[in-house]
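Asker: Here you go, protein-v4.cif (mmCIF, C-alpha atoms):
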```cif
data_start
loop_
_atom_site.group_PDB
_atom_site.id
_atom_site.type_symbol
_atom_site.label_atom_id
_atom_site.label_comp_id
_atom_site.auth_asym_id
_atom_site.auth_seq_id
_atom_site.Cartn_x
_atom_site.Cartn_y
_atom_site.Cartn_z
ATOM 1 C CA MET A 14 206.030 69.909 -11.434
ATOM 2 C CA PRO A 15 203.933 71.834 -8.838
ATOM 3 C CA ASP A 16 200.870 70.069 -10.291
ATOM 4 C CA LEU A 17 202.494 66.692 -9.668
ATOM 5 C CA ILE A 18 203.417 67.555 -6.072
ATOM 6 C CA SER A 19 199.977 68.943 -5.276
ATOM 7 C CA SER A 20 198.290 65.878 -6.778
ATOM 8 C CA ILE A 21 200.572 63.608 -4.706
ATOM 9 C CA VAL A 22 199.680 65.560 -1.539
ATOM 10 C CA ASP A 23 195.965 65.503 -2.416
ATOM 11 C CA TYR A 24 195.813 61.785 -3.153
ATOM 12 C CA TYR A 25 198.415 60.451 -0.681
ATOM 13 C CA ASN A 26 195.949 57.911 0.718
ATOM 14 C CA TYR A 27 195.322 56.313 -2.696
ATOM 15 C CA LEU A 28 199.070 56.058 -3.321
ATOM 16 C CA ILE A 29 199.530 54.267 0.011
ATOM 17 C CA TYR A 30 196.667 51.862 -0.801
ATOM 18 C CA ILE A 31 198.352 50.999 -4.099
ATOM 19 C CA THR A 32 201.652 50.490 -2.220
ATOM 20 C CA LEU A 33 199.953 48.047 0.169
ATOM 21 C CA MET A 34 198.345 46.233 -2.748
ATOM 22 C CA MET A 35 201.727 45.878 -4.476
ATOM 23 C CA ILE A 36 203.313 44.578 -1.230
ATOM 24 C CA GLY A 37 200.655 41.848 -1.134
ATOM 25 C CA LEU A 38 201.084 41.017 -4.830
ATOM 26 C CA TYR A 39 204.881 40.854 -4.432
ATOM 27 C CA ALA A 40 204.525 38.450 -1.478
ATOM 28 C CA MET A 41 202.150 36.215 -3.461
ATOM 29 C CA ILE A 42 204.478 36.045 -6.474
ATOM 30 C CA ALA A 43 208.031 36.209 -5.102
ATOM 31 C CA LYS A 44 207.921 34.511 -1.693
ATOM 32 C CA LYS A 45 208.616 30.753 -1.697
ATOM 33 C CA ASN A 46 206.965 29.903 1.632
ATOM 34 C CA LEU A 47 203.276 28.952 1.454
ATOM 35 C CA VAL A 48 202.303 30.756 4.703
ATOM 36 C CA LYS A 49 204.044 33.929 3.444
ATOM 37 C CA LYS A 50 202.000 33.667 0.251
ATOM 38 C CA ILE A 51 198.801 33.431 2.321
ATOM 39 C CA VAL A 52 199.841 36.504 4.366
ATOM 40 C CA GLY A 53 200.384 38.350 1.064
ATOM 41 C CA MET A 54 196.935 37.321 -0.171
ATOM 42 C CA ASN A 55 195.367 38.736 3.005
ATOM 43 C CA ILE A 56 197.294 42.009 2.683
ATOM 44 C CA PHE A 57 196.045 42.331 -0.914
ATOM 45 C CA GLN A 58 192.443 41.729 0.185
ATOM 46 C CA THR A 59 192.549 44.269 3.026
ATOM 47 C CA ALA A 60 194.127 46.880 0.711
ATOM 48 C CA ILE A 61 191.180 46.538 -1.675
ATOM 49 C CA ILE A 62 188.709 46.739 1.225
ATOM 50 C CA LEU A 63 190.507 49.875 2.472
ATOM 51 C CA PHE A 64 190.197 51.471 -0.973
ATOM 52 C CA TYR A 65 186.460 50.788 -1.113
ATOM 53 C CA VAL A 66 185.776 52.090 2.413
ATOM 54 C CA SER A 67 187.737 55.280 1.682
ATOM 55 C CA ILE A 68 185.418 56.030 -1.266
ATOM 56 C CA GLY A 69 182.493 56.396 1.149
ATOM 57 C CA ALA A 70 184.324 58.809 3.496
ATOM 58 C CA LYS A 71 183.424 62.519 3.378
ATOM 59 C CA LYS A 72 184.920 65.645 4.921
ATOM 60 C CA GLY A 73 182.840 67.029 7.796
ATOM 61 C CA ALA A 74 180.388 64.125 7.796
ATOM 62 C CA THR A 75 179.419 61.942 10.750
ATOM 63 C CA ILE A 76 178.825 58.200 11.099
ATOM 64 C CA PRO A 77 175.668 56.990 9.322
ATOM 65 C CA ILE A 78 173.354 56.775 12.346
ATOM 66 C CA ILE A 79 170.394 59.190 12.727
ATOM 67 C CA GLN A 80 170.587 60.761 16.188
ATOM 68 C CA HIS A 81 167.539 59.961 18.374
ATOM 69 C CA GLY A 82 165.967 57.991 15.530
ATOM 70 C CA HIS A 83 164.086 55.867 18.072
ATOM 71 C CA GLY A 84 162.221 56.548 21.298
ATOM 72 C CA GLU A 85 161.046 59.974 22.423
ATOM 73 C CA GLY A 86 161.050 62.697 19.810
ATOM 74 C CA ALA A 87 161.445 60.218 16.960
ATOM 75 C CA ASP A 88 158.384 61.552 15.142
ATOM 76 C CA GLU A 89 159.646 65.118 14.766
ATOM 77 C CA ILE A 90 163.032 63.894 13.515
ATOM 78 C CA THR A 91 161.607 61.509 10.932
ATOM 79 C CA SER A 92 159.147 64.163 9.764
ATOM 80 C CA SER A 93 161.982 66.689 9.223
ATOM 81 C CA VAL A 94 164.293 66.446 6.196
ATOM 82 C CA ILE A 95 167.465 64.334 6.640
ATOM 83 C CA LYS A 96 170.439 65.708 4.702
ATOM 84 C CA ALA A 97 172.394 62.846 3.181
ATOM 85 C CA ALA A 98 175.488 65.054 2.752
ATOM 86 C CA GLU A 99 175.931 65.152 6.541
ATOM 87 C CA TYR A 100 176.427 61.386 6.756
ATOM 88 C CA ILE A 101 179.174 59.078 5.497
ATOM 89 C CA ASN A 102 177.971 56.794 2.685
ATOM 90 C CA PRO A 103 177.258 53.414 4.362
ATOM 91 C CA LEU A 104 176.917 51.375 1.143
ATOM 92 C CA PRO A 105 180.683 50.563 0.722
ATOM 93 C CA HIS A 106 180.822 49.603 4.424
ATOM 94 C CA VAL A 107 178.073 47.020 4.025
ATOM 95 C CA LEU A 108 179.626 45.558 0.882
ATOM 96 C CA MET A 109 183.081 45.316 2.500
ATOM 97 C CA LEU A 110 181.645 43.687 5.643
ATOM 98 C CA THR A 111 180.794 40.723 3.421
ATOM 99 C CA ALA A 112 184.286 40.830 1.887
ATOM 100 C CA ILE A 113 185.947 40.575 5.344
ATOM 101 C CA VAL A 114 183.931 37.458 6.189
ATOM 102 C CA VAL A 115 184.761 35.917 2.803
ATOM 103 C CA ALA A 116 188.459 36.766 3.405
ATOM 104 C CA VAL A 117 188.531 34.845 6.690
ATOM 105 C CA ALA A 118 186.815 31.838 5.062
ATOM 106 C CA THR A 119 189.425 31.881 2.259
ATOM 107 C CA LEU A 120 192.183 32.093 4.878
ATOM 108 C CA GLY A 121 190.837 29.028 6.710
ATOM 109 C CA VAL A 122 190.688 26.924 3.536
ATOM 110 C CA ALA A 123 194.160 28.093 2.412
ATOM 111 C CA LEU A 124 195.768 27.255 5.767
ATOM 112 C CA ALA A 125 194.038 23.847 5.852
ATOM 113 C CA LEU A 126 195.489 23.102 2.391
ATOM 114 C CA ALA A 127 198.934 24.277 3.560
ATOM 115 C CA ILE A 128 198.763 21.886 6.552
ATOM 116 C CA LYS A 129 197.810 19.023 4.184
ATOM 117 C CA VAL A 130 200.743 19.876 1.914
ATOM 118 C CA TYR A 131 203.085 19.897 4.930
ATOM 119 C CA ASN A 132 201.824 16.493 6.131
ATOM 120 C CA ARG A 133 202.570 14.989 2.729
ATOM 121 C CA TYR A 134 205.878 16.664 1.772
ATOM 122 C CA GLU A 135 207.280 17.632 5.243
ATOM 123 C CA THR A 136 208.051 21.173 4.023
ATOM 124 C CA LEU A 137 206.287 24.461 3.286
ATOM 125 C CA GLU A 138 208.813 25.736 0.722
ATOM 126 C CA GLU A 139 207.504 25.790 -2.818
ATOM 127 C CA ASP A 140 210.823 24.901 -4.513
ATOM 128 C CA GLU A 141 211.400 21.861 -2.228
ATOM 129 C CA ILE A 142 207.836 20.639 -2.896
ATOM 130 C CA LEU A 143 208.367 20.973 -6.655
ATOM 131 C CA ALA A 144 211.708 19.117 -6.405
ATOM 132 C CA GLN A 145 210.011 16.254 -4.535
ATOM 133 C CA ILE A 146 207.242 16.100 -7.165
ATOM 134 C CA ARG A 147 209.825 15.953 -10.001
ATOM 135 C CA GLU A 148 211.733 13.080 -8.341
ATOM 136 C CA LYS A 149 208.698 10.782 -8.514
ATOM 137 C CA MET B 8 188.782 62.466 9.330
ATOM 138 C CA ILE B 9 192.023 63.843 10.879
ATOM 139 C CA TRP B 10 194.694 63.652 8.189
ATOM 140 C CA GLN B 11 197.723 63.673 10.533
ATOM 141 C CA LEU B 12 196.420 60.624 12.420
ATOM 142 C CA ASP B 13 195.434 59.011 9.120
ATOM 143 C CA LEU B 14 198.939 59.461 7.653
ATOM 144 C CA ALA B 15 200.659 58.188 10.836
ATOM 145 C CA ILE B 16 198.558 55.023 10.996
ATOM 146 C CA LEU B 17 198.908 54.441 7.220
ATOM 147 C CA THR B 18 202.695 54.532 7.690
ATOM 148 C CA LEU B 19 202.442 52.014 10.535
ATOM 149 C CA VAL B 20 200.245 49.777 8.340
ATOM 150 C CA VAL B 21 202.842 49.783 5.543
ATOM 151 C CA VAL B 22 205.660 49.076 8.040
ATOM 152 C CA ALA B 23 203.709 46.174 9.594
ATOM 153 C CA ALA B 24 202.922 44.749 6.132
ATOM 154 C CA ILE B 25 206.571 44.878 5.015
ATOM 155 C CA GLY B 26 207.655 43.352 8.343
ATOM 156 C CA ALA B 27 205.114 40.527 8.080
ATOM 157 C CA ILE B 28 206.417 39.426 4.677
ATOM 158 C CA THR B 29 210.167 39.895 5.297
ATOM 159 C CA ILE B 30 210.646 38.398 8.803
ATOM 160 C CA LYS B 31 212.389 34.993 8.772
ATOM 161 C CA ASP B 32 210.093 33.342 11.337
ATOM 162 C CA LEU B 33 206.517 32.280 10.634
ATOM 163 C CA LEU B 34 205.274 32.860 14.200
ATOM 164 C CA GLY B 35 206.654 36.417 14.060
ATOM 165 C CA SER B 36 204.956 36.827 10.696
ATOM 166 C CA ALA B 37 201.625 35.782 12.259
ATOM 167 C CA ILE B 38 202.023 38.237 15.149
ATOM 168 C CA LEU B 39 202.964 41.096 12.795
ATOM 169 C CA PHE B 40 199.955 40.250 10.652
ATOM 170 C CA GLY B 41 197.788 40.609 13.788
ATOM 171 C CA ALA B 42 199.338 44.048 14.401
ATOM 172 C CA TYR B 43 198.653 44.946 10.746
ATOM 173 C CA SER B 44 194.988 43.947 11.109
ATOM 174 C CA PHE B 45 194.631 46.006 14.270
ATOM 175 C CA MET B 46 196.132 49.086 12.591
ATOM 176 C CA MET B 47 193.675 48.534 9.724
ATOM 177 C CA CYS B 48 190.845 48.472 12.297
ATOM 178 C CA LEU B 49 192.013 51.842 13.690
ATOM 179 C CA LEU B 50 192.110 53.245 10.154
ATOM 180 C CA TRP B 51 188.508 52.252 9.541
ATOM 181 C CA SER B 52 187.292 53.760 12.792
ATOM 182 C CA ILE B 53 189.036 57.025 11.734
ATOM 183 C CA MET B 54 187.151 56.904 8.425
ATOM 184 C CA GLY B 55 183.852 56.499 10.310
ATOM 185 C CA ALA B 56 183.216 52.891 9.238
ATOM 186 C CA VAL B 57 182.589 51.651 12.783
ATOM 187 C CA ASP B 58 180.797 48.454 11.731
ATOM 188 C CA VAL B 59 183.695 47.435 9.490
ATOM 189 C CA ALA B 60 186.131 48.296 12.311
ATOM 190 C CA PHE B 61 184.256 46.040 14.745
ATOM 191 C CA THR B 62 184.273 43.144 12.307
ATOM 192 C CA GLU B 63 187.950 43.616 11.490
ATOM 193 C CA ALA B 64 188.916 43.717 15.192
ATOM 194 C CA SER B 65 187.101 40.453 15.948
ATOM 195 C CA VAL B 66 187.548 38.556 12.673
ATOM 196 C CA GLY B 67 190.731 40.042 11.176
ATOM 197 C CA ALA B 68 192.863 40.656 14.257
ATOM 198 C CA GLY B 69 191.319 37.889 16.397
ATOM 199 C CA VAL B 70 190.306 34.818 14.410
ATOM 200 C CA SER B 71 192.857 35.226 11.570
ATOM 201 C CA THR B 72 195.780 35.471 14.013
ATOM 202 C CA ILE B 73 194.555 32.383 15.888
ATOM 203 C CA PHE B 74 194.292 30.505 12.567
ATOM 204 C CA PHE B 75 197.843 31.500 11.623
ATOM 205 C CA VAL B 76 199.296 30.550 15.020
ATOM 206 C CA ALA B 77 197.446 27.204 14.980
ATOM 207 C CA ALA B 78 198.691 26.464 11.458
ATOM 208 C CA VAL B 79 202.291 27.387 12.385
ATOM 209 C CA PHE B 80 202.214 25.100 15.436
ATOM 210 C CA ARG B 81 200.851 22.238 13.314
ATOM 211 C CA THR B 82 203.536 22.686 10.651
ATOM 212 C CA THR B 83 206.866 24.471 11.160
ATOM 213 C CA ARG B 84 208.243 27.896 12.107
ATOM 214 C CA ARG B 85 211.155 27.561 9.681
ATOM 215 C CA THR B 86 211.163 29.637 6.497
ATOM 216 C CA LYS B 87 213.844 30.442 3.955
ATOM 217 C CA ASP B 88 212.578 33.881 2.880
#
```
Go through the file and emit its structure as structure tokens.

Answerer:
Amino acid sequence: MPDLISSIVDYYNYLIYITLMMIGLYAMIAKKNLVKKIVGMNIFQTAIILFYVSIGAKKGATIPIIQHGHGEGADEITSSVIKAAEYINPLPHVLMLTAIVVAVATLGVALALAIKVYNRYETLEEDEILAQIREK
Amino acid sequence: MIWQLDLAILTLVVVAAIGAITIKDLLGSAILFGAYSFMMCLLWSIMGAVDVAFTEASVGAGVSTIFFVAAVFRTTRRTKD
């Protein structure tokens, strides 16, 4: 039991990311409204992005920019050894930057489709749309 | 990374996410989603991912919220769940 509690305290951030992910999944599956489903999809995406960015974080590290890397005194800094352990890993950041842009493109297409569905069926509720399709 | 600040903002993120999917008004859902995105941006600047935080503040909290509000005004605010 103490092991369980200490592991929960140690990994509280991962547990909250999984909670967020499950909130998004629940909204995508259980909610009937199309805009609510799209909100759920976005929450799911940002939870995954949050998980990836948190992998790159380190204790006691600074942001991945070399101080005075340009201009005066740049030569002595670049000639000295740069310790990678003092900097946060920037690779997950760069990958997730692409994911954010893809997420907003997906959101635009999804909302455009939702507007088209509304223009045709005069409702955004999934069950009413399905009932109208069955009547035809 | 300051863990107290991290935990407080993570709690706010979860609250904003639950609010965005349970509120019975689509415009309110869009606004709460904007708040969620902004909290996410704060979380990333705490983790030291400043470039991701910049992009999220402009694209996630800005453009996404405008898209949602525009879509809600072109369709309806009414929702059953």

Asker: Tell me which residues the PyMOL selection byres ((chain B and resi 87) around 12) grabs here, as a list in words.

Answerer: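 Selected by the PyMOL selection byres ((chain B and resi 87) around 12) in this file: Lys44, Lys45, Asn46, Leu47, Val48, Lys49, Thr136, Leu137, Glu138, Glu139, Asp140 and Glu141 of chain A; Ile28, Thr29, Ile30, Lys31, Asp32, Leu33, Thr83, Arg84, Arg85, Thr86 and Asp88 of chain B.
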
Asker: Excluding Val122 (chain A) and residues on its chain fewer than 6 positions from it, collect all residues at most 12 Å away from it, counting only C-alpha atoms, and give them as a VMD selection string.

Answerer: (chain A and resid 51 115 to 116 128 to 129) or (chain B and resid 71 74 to 75 78)

Asker: List the neighbours of region 50-61 of chain B out to 12 Å using all atoms listed in the file; skip same-chain residues closer than 6 positions along the sequence, and give me the result as number ranges by chain.

Answerer: A: 26, 30, 59-60, 62-78, 100-114; B: 8-20, 43-44, 67-69

Asker: Calculate how many Å separate CA of Arg133 (chain A) from CA of Ala77 (chain B), rounding to one decimal.

Answerer: 18.0 Å

Asker: Which centre and edge lengths in Å to one decimal define the box along x, y and z that fits every listed atom of region 61-76 of chain A plus 4 Å per side, as AutoDock Vina command-line options?

Answerer:
```
--center_x 185.0 --center_y 56.8 --center_z 4.7 --size_x 20.4 --size_y 28.5 --size_z 20.8
```

Asker: Evaluating the PyMOL selection byres ((chain A and resi 32) around 12) on the displayed file yields which residues, as a compact mmCIF listing (two decimals) with C-alpha atoms, in the frame of the given file?

Answerer:
```txt
# COMPACT_ATOMS: atom_id res chain seq x y z
CA TYR A 25 198.42 60.45 -0.68
CA ASN A 26 195.95 57.91 0.72
CA TYR A 27 195.32 56.31 -2.70
CA LEU A 28 199.07 56.06 -3.32
CA ILE A 29 199.53 54.27 0.01
CA TYR A 30 196.67 51.86 -0.80
CA ILE A 31 198.35 51.00 -4.10
CA LEU A 33 199.95 48.05 0.17
CA MET A 34 198.34 46.23 -2.75
CA MET A 35 201.73 45.88 -4.48
CA ILE A 36 203.31 44.58 -1.23
CA GLY A 37 200.66 41.85 -1.13
CA LEU A 38 201.08 41.02 -4.83
CA TYR A 39 204.88 40.85 -4.43
CA ILE A 56 197.29 42.01 2.68
CA PHE A 57 196.04 42.33 -0.91
CA ALA A 60 194.13 46.88 0.71
CA ILE A 61 191.18 46.54 -1.68
CA PHE A 64 190.20 51.47 -0.97
CA LEU B 17 198.91 54.44 7.22
CA THR B 18 202.70 54.53 7.69
CA VAL B 20 200.24 49.78 8.34
CA VAL B 21 202.84 49.78 5.54
CA VAL B 22 205.66 49.08 8.04
CA ALA B 24 202.92 44.75 6.13
CA ILE B 25 206.57 44.88 5.01
```

Asker: Work out how far CA of Cys48 (chain B) is from CA of Thr82 (chain B), in Å to one decimal.

Answerer: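 For CA of Thr82 (chain B) relative to CA of Cys48 (chain B), the distance reads 28.8 Å.
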
Asker: Could you jot down the CA of Glu135 (chain A) to CA of Ile73 (chain B) separation for me, Å, one decimal place?

Answerer: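 These atoms are spaced 22.2 Å apart.
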
Asker: Let me make sure I understand: among A:Tyr131, A:Val52, A:Thr119, A:Ile21, which one has the smallest atom-to-atom distance to Ile38 (chain B) if we use all atoms listed in the file?

Answerer: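 Nearest to Ile38 (chain B): A:Val52.
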
Asker: Could you check the closest approach to Val94 (chain A) for each of A:Ala144, A:Ile79, A:Ile42, A:Ala127 and tell me which residue wins, using all atoms listed in the file?

Answerer: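 Comparing A:Ala144, A:Ile79, A:Ile42, A:Ala127 against Val94 (chain A), the winner is A:Ile79.
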
Asker: Could region 42-134 of chain A be written out with C-alpha atoms, as a PDB file, in the first residue's frame, please?

Answerer:
```
ATOM      1  CA  ILE A  42     -18.224   8.398 -27.769  1.00  0.00           C
ATOM      2  CA  ALA A  43     -21.081   9.379 -25.444  1.00  0.00           C
ATOM      3  CA  LYS A  44     -22.055  12.932 -26.416  1.00  0.00           C
ATOM      4  CA  LYS A  45     -24.773  13.227 -29.086  1.00  0.00           C
ATOM      5  CA  ASN A  46     -23.996  16.774 -30.247  1.00  0.00           C
ATOM      6  CA  LEU A  47     -21.510  17.066 -33.124  1.00  0.00           C
ATOM      7  CA  VAL A  48     -19.769  20.204 -31.752  1.00  0.00           C
ATOM      8  CA  LYS A  49     -19.349  18.468 -28.362  1.00  0.00           C
ATOM      9  CA  LYS A  50     -17.735  15.541 -30.169  1.00  0.00           C
ATOM     10  CA  ILE A  51     -15.304  17.939 -31.876  1.00  0.00           C
ATOM     11  CA  VAL A  52     -14.456  19.556 -28.504  1.00  0.00           C
ATOM     12  CA  GLY A  53     -13.755  16.050 -27.152  1.00  0.00           C
ATOM     13  CA  MET A  54     -11.481  15.279 -30.104  1.00  0.00           C
ATOM     14  CA  ASN A  55      -9.474  18.443 -29.395  1.00  0.00           C
ATOM     15  CA  ILE A  56      -9.174  17.606 -25.687  1.00  0.00           C
ATOM     16  CA  PHE A  57      -7.867  14.141 -26.628  1.00  0.00           C
ATOM     17  CA  GLN A  58      -5.287  15.654 -28.995  1.00  0.00           C
ATOM     18  CA  THR A  59      -4.000  18.206 -26.472  1.00  0.00           C
ATOM     19  CA  ALA A  60      -3.738  15.497 -23.778  1.00  0.00           C
ATOM     20  CA  ILE A  61      -1.451  13.468 -26.047  1.00  0.00           C
ATOM     21  CA  ILE A  62       0.610  16.570 -26.874  1.00  0.00           C
ATOM     22  CA  LEU A  63       0.895  17.314 -23.133  1.00  0.00           C
ATOM     23  CA  PHE A  64       2.155  13.778 -22.486  1.00  0.00           C
ATOM     24  CA  TYR A  65       4.833  14.086 -25.166  1.00  0.00           C
ATOM     25  CA  VAL A  66       6.042  17.518 -24.002  1.00  0.00           C
ATOM     26  CA  SER A  67       6.278  16.282 -20.400  1.00  0.00           C
ATOM     27  CA  ILE A  68       8.689  13.524 -21.505  1.00  0.00           C
ATOM     28  CA  GLY A  69      11.231  16.177 -22.520  1.00  0.00           C
ATOM     29  CA  ALA A  70      11.045  18.077 -19.197  1.00  0.00           C
ATOM     30  CA  LYS A  71      13.907  17.686 -16.698  1.00  0.00           C
ATOM     31  CA  LYS A  72      14.426  18.755 -13.096  1.00  0.00           C
ATOM     32  CA  GLY A  73      16.843  21.676 -12.741  1.00  0.00           C
ATOM     33  CA  ALA A  74      17.194  22.211 -16.488  1.00  0.00           C
ATOM     34  CA  THR A  75      16.660  25.448 -18.402  1.00  0.00           C
ATOM     35  CA  ILE A  76      14.998  26.221 -21.737  1.00  0.00           C
ATOM     36  CA  PRO A  77      16.943  24.903 -24.747  1.00  0.00           C
ATOM     37  CA  ILE A  78      18.635  28.152 -25.806  1.00  0.00           C
ATOM     38  CA  ILE A  79      22.433  28.593 -25.453  1.00  0.00           C
ATOM     39  CA  GLN A  80      23.078  31.845 -23.585  1.00  0.00           C
ATOM     40  CA  HIS A  81      25.060  34.397 -25.650  1.00  0.00           C
ATOM     41  CA  GLY A  82      25.300  31.935 -28.534  1.00  0.00           C
ATOM     42  CA  HIS A  83      25.559  34.851 -30.972  1.00  0.00           C
ATOM     43  CA  GLY A  84      27.389  38.168 -31.019  1.00  0.00           C
ATOM     44  CA  GLU A  85      30.281  39.064 -28.735  1.00  0.00           C
ATOM     45  CA  GLY A  86      31.906  36.209 -26.877  1.00  0.00           C
ATOM     46  CA  ALA A  87      30.242  33.591 -29.070  1.00  0.00           C
ATOM     47  CA  ASP A  88      33.565  31.972 -29.959  1.00  0.00           C
ATOM     48  CA  GLU A  89      34.580  31.120 -26.396  1.00  0.00           C
ATOM     49  CA  ILE A  90      31.137  29.658 -25.659  1.00  0.00           C
ATOM     50  CA  THR A  91      31.012  27.480 -28.763  1.00  0.00           C
ATOM     51  CA  SER A  92      34.579  26.313 -28.149  1.00  0.00           C
ATOM     52  CA  SER A  93      33.713  25.241 -24.569  1.00  0.00           C
ATOM     53  CA  VAL A  94      31.762  22.033 -23.885  1.00  0.00           C
ATOM     54  CA  ILE A  95      27.942  22.358 -23.757  1.00  0.00           C
ATOM     55  CA  LYS A  96      26.342  20.002 -21.232  1.00  0.00           C
ATOM     56  CA  ALA A  97      23.144  18.580 -22.673  1.00  0.00           C
ATOM     57  CA  ALA A  98      21.881  17.624 -19.190  1.00  0.00           C
ATOM     58  CA  GLU A  99      21.470  21.320 -18.335  1.00  0.00           C
ATOM     59  CA  TYR A 100      18.904  21.852 -21.094  1.00  0.00           C
ATOM     60  CA  ILE A 101      15.366  20.554 -21.601  1.00  0.00           C
ATOM     61  CA  ASN A 102      15.125  18.118 -24.529  1.00  0.00           C
ATOM     62  CA  PRO A 103      13.731  20.182 -27.452  1.00  0.00           C
ATOM     63  CA  LEU A 104      12.933  17.231 -29.751  1.00  0.00           C
ATOM     64  CA  PRO A 105       9.392  16.511 -28.350  1.00  0.00           C
ATOM     65  CA  HIS A 106       8.627  20.257 -28.540  1.00  0.00           C
ATOM     66  CA  VAL A 107       9.415  20.395 -32.247  1.00  0.00           C
ATOM     67  CA  LEU A 108       7.392  17.270 -33.000  1.00  0.00           C
ATOM     68  CA  MET A 109       4.377  18.544 -31.025  1.00  0.00           C
ATOM     69  CA  LEU A 110       4.537  21.961 -32.726  1.00  0.00           C
ATOM     70  CA  THR A 111       3.601  20.139 -35.928  1.00  0.00           C
ATOM     71  CA  ALA A 112       0.841  18.255 -34.086  1.00  0.00           C
ATOM     72  CA  ILE A 113      -0.762  21.534 -32.878  1.00  0.00           C
ATOM     73  CA  VAL A 114      -0.914  22.883 -36.436  1.00  0.00           C
ATOM     74  CA  VAL A 115      -2.382  19.597 -37.694  1.00  0.00           C
ATOM     75  CA  ALA A 116      -4.946  19.734 -34.835  1.00  0.00           C
ATOM     76  CA  VAL A 117      -6.193  23.168 -35.903  1.00  0.00           C
ATOM     77  CA  ALA A 118      -6.461  22.026 -39.546  1.00  0.00           C
ATOM     78  CA  THR A 119      -8.500  18.982 -38.428  1.00  0.00           C
ATOM     79  CA  LEU A 120     -10.712  21.274 -36.339  1.00  0.00           C
ATOM     80  CA  GLY A 121     -11.411  23.526 -39.340  1.00  0.00           C
ATOM     81  CA  VAL A 122     -12.404  20.606 -41.578  1.00  0.00           C
ATOM     82  CA  ALA A 123     -14.552  19.025 -38.826  1.00  0.00           C
ATOM     83  CA  LEU A 124     -16.442  22.265 -38.137  1.00  0.00           C
ATOM     84  CA  ALA A 125     -16.974  22.861 -41.876  1.00  0.00           C
ATOM     85  CA  LEU A 126     -18.495  19.360 -42.146  1.00  0.00           C
ATOM     86  CA  ALA A 127     -20.680  20.052 -39.086  1.00  0.00           C
ATOM     87  CA  ILE A 128     -21.989  23.267 -40.715  1.00  0.00           C
ATOM     88  CA  LYS A 129     -22.780  21.300 -43.911  1.00  0.00           C
ATOM     89  CA  VAL A 130     -24.635  18.671 -41.880  1.00  0.00           C
ATOM     90  CA  TYR A 131     -26.626  21.417 -40.125  1.00  0.00           C
ATOM     91  CA  ASN A 132     -27.570  23.069 -43.442  1.00  0.00           C
ATOM     92  CA  ARG A 133     -28.949  19.773 -44.718  1.00  0.00           C
ATOM     93  CA  TYR A 134     -30.678  18.325 -41.623  1.00  0.00           C
TER      94      TYR A 134
END
```
